[in-house]
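Input: a single structure, listed below in structure tokens.
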Amino acid sequence: EVQLQASGGGMVQAGGSLRLSCAASGLSFDDYDIGWFRRAPGKAREGVSYVNSNDGSPYYAQSVKGRFTIFRDNAEKTVTLQLNDLKPEDTAVYYCAADRRNWMGIERFIMASYTYWGQGTQVTVSS
């Protein structure tokens with residue numbers, strides 16, 4: 001059974017940092033691209049960041065570029081999303097997802113591109 005376990009959420013003030021982790025089991029982790037999505041209150045889920053399986057190249061949504069960093073550890077089967085300079089608009093439930101189809105371009109940030117999903121972790125940023 002494939003499982004993705006997202007953790008590391010919490011409450012911080014604007015300008016603060018959090019480190020989210022996505023731990024995978026039940027799949028050949030090296031073969032899977034990992035994406036992070038978030039759903040803010042009253043909004044649709046949106047793609048935030050993505051790391052591919054081939055060379056670990058990171059990709060970011062414009063809204064988080066320069067503030068968030070994604071990296072993977074294949075030995076530990078984890079992907080970390082470092083959130084810096086957090087803003088109140090970053091408040092959301094954050095989800096990690098996995099797929100092995102090596103999406104390109106905008107498909108990396110589309111929910112339908114992913115086969116497996118974690119349960120989400122809450123990030124709350126106060127002003």
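Following the order of the structure tokens, first chain is A, next is B, and so on, with residues numbered from 1 inside each chain and ligands from 1 in the order they appear.
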
**Report entry** Near-Pro88 (chain A) list (10 Å; only C-alpha atoms; drop same-chain fewer than 3 positions) as a list of chain:residue names
**Finding:** A:Val12, A:Gln13, A:Ala14, A:Gly15, A:Thr91, A:Ala92, A:Val123, A:Thr124, A:Val125, A:Ser126, A:Ser127

Under the rule of at most 7 Å, produce a per-residue listing of region 71-109 of chain A near region 20-28 of chain A: chain, number, name, the closest pair of atoms, and the distance in Å, as a Markdown table, using only C-alpha atoms.
| residue | atom | partner | partner_atom | distance |
| --- | --- | --- | --- | --- |
| A:Lys77 | CA | A:Ala24 | CA | 5.6 |
| A:Thr78 | CA | A:Ala23 | CA | 4.5 |
| A:Val79 | CA | A:Cys22 | CA | 5.1 |
| A:Thr80 | CA | A:Ser21 | CA | 4.5 |
| A:Leu81 | CA | A:Leu20 | CA | 5.0 |
| A:Gln82 | CA | A:Leu20 | CA | 6.3 |
| A:Cys96 | CA | A:Cys22 | CA | 6.3 |

Output file for the selection above: N, CA, C and O atoms, as a compact mmCIF listing (two decimals), in the first residue's frame:
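Full text of out.txt as output:
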# COMPACT_ATOMS: atom_id res chain seq x y z
N LYS A 77 13.61 8.41 1.52
CA LYS A 77 12.29 8.44 0.92
C LYS A 77 11.45 9.60 1.45
O LYS A 77 10.27 9.45 1.81
N THR A 78 12.07 10.75 1.47
CA THR A 78 11.37 11.94 1.94
C THR A 78 11.58 13.12 0.99
O THR A 78 12.61 13.18 0.30
N VAL A 79 10.64 14.00 0.99
CA VAL A 79 10.77 15.28 0.30
C VAL A 79 10.46 16.37 1.32
O VAL A 79 9.46 16.30 2.02
N THR A 80 11.33 17.35 1.37
CA THR A 80 11.18 18.45 2.31
C THR A 80 10.82 19.72 1.56
O THR A 80 11.37 19.99 0.50
N LEU A 81 9.90 20.46 2.12
CA LEU A 81 9.55 21.78 1.60
C LEU A 81 9.84 22.79 2.70
O LEU A 81 9.15 22.82 3.73
N GLN A 82 10.88 23.57 2.49
CA GLN A 82 11.25 24.61 3.44
C GLN A 82 10.49 25.88 3.11
O GLN A 82 10.60 26.40 1.99
N CYS A 96 1.19 16.65 0.00
CA CYS A 96 2.17 16.14 -0.94
C CYS A 96 1.51 15.06 -1.79
O CYS A 96 0.55 14.42 -1.37

Report task. Write out as a ChimeraX atom specification all residues of region 3-124 of chain A that DSSP puts in helix (DSSP H, G or I) for this structure's backbone. Result -> /A:29-31,88-90,105-109,111-113

**Report entry** Filtered DSSP result for chain A, state strand (DSSP E), as an NGL selection string
**Finding:** :A and (3-7 or 10-13 or 18-25 or 33-39 or 46-51 or 58-60 or 68-73 or 78-83 or 92-99 or 116-117 or 121-126)

Query - Nearest to Gly35 (chain A), chosen from A:Gly56, A:Arg19, A:Ala75, A:Gln62, with only C-alpha atoms counted in the distances - result: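 Among the listed residues, A:Gly56 lies closest to Gly35 (chain A).
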
Requested in this report: Tell me which of A:Ala98, A:Met111, A:Phe68, A:Arg38 sits closest to Asn84 (chain A), counting only C-alpha atoms.
Outcome: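 With only C-alpha atoms as the atom set, the closest residue is A:Phe68.
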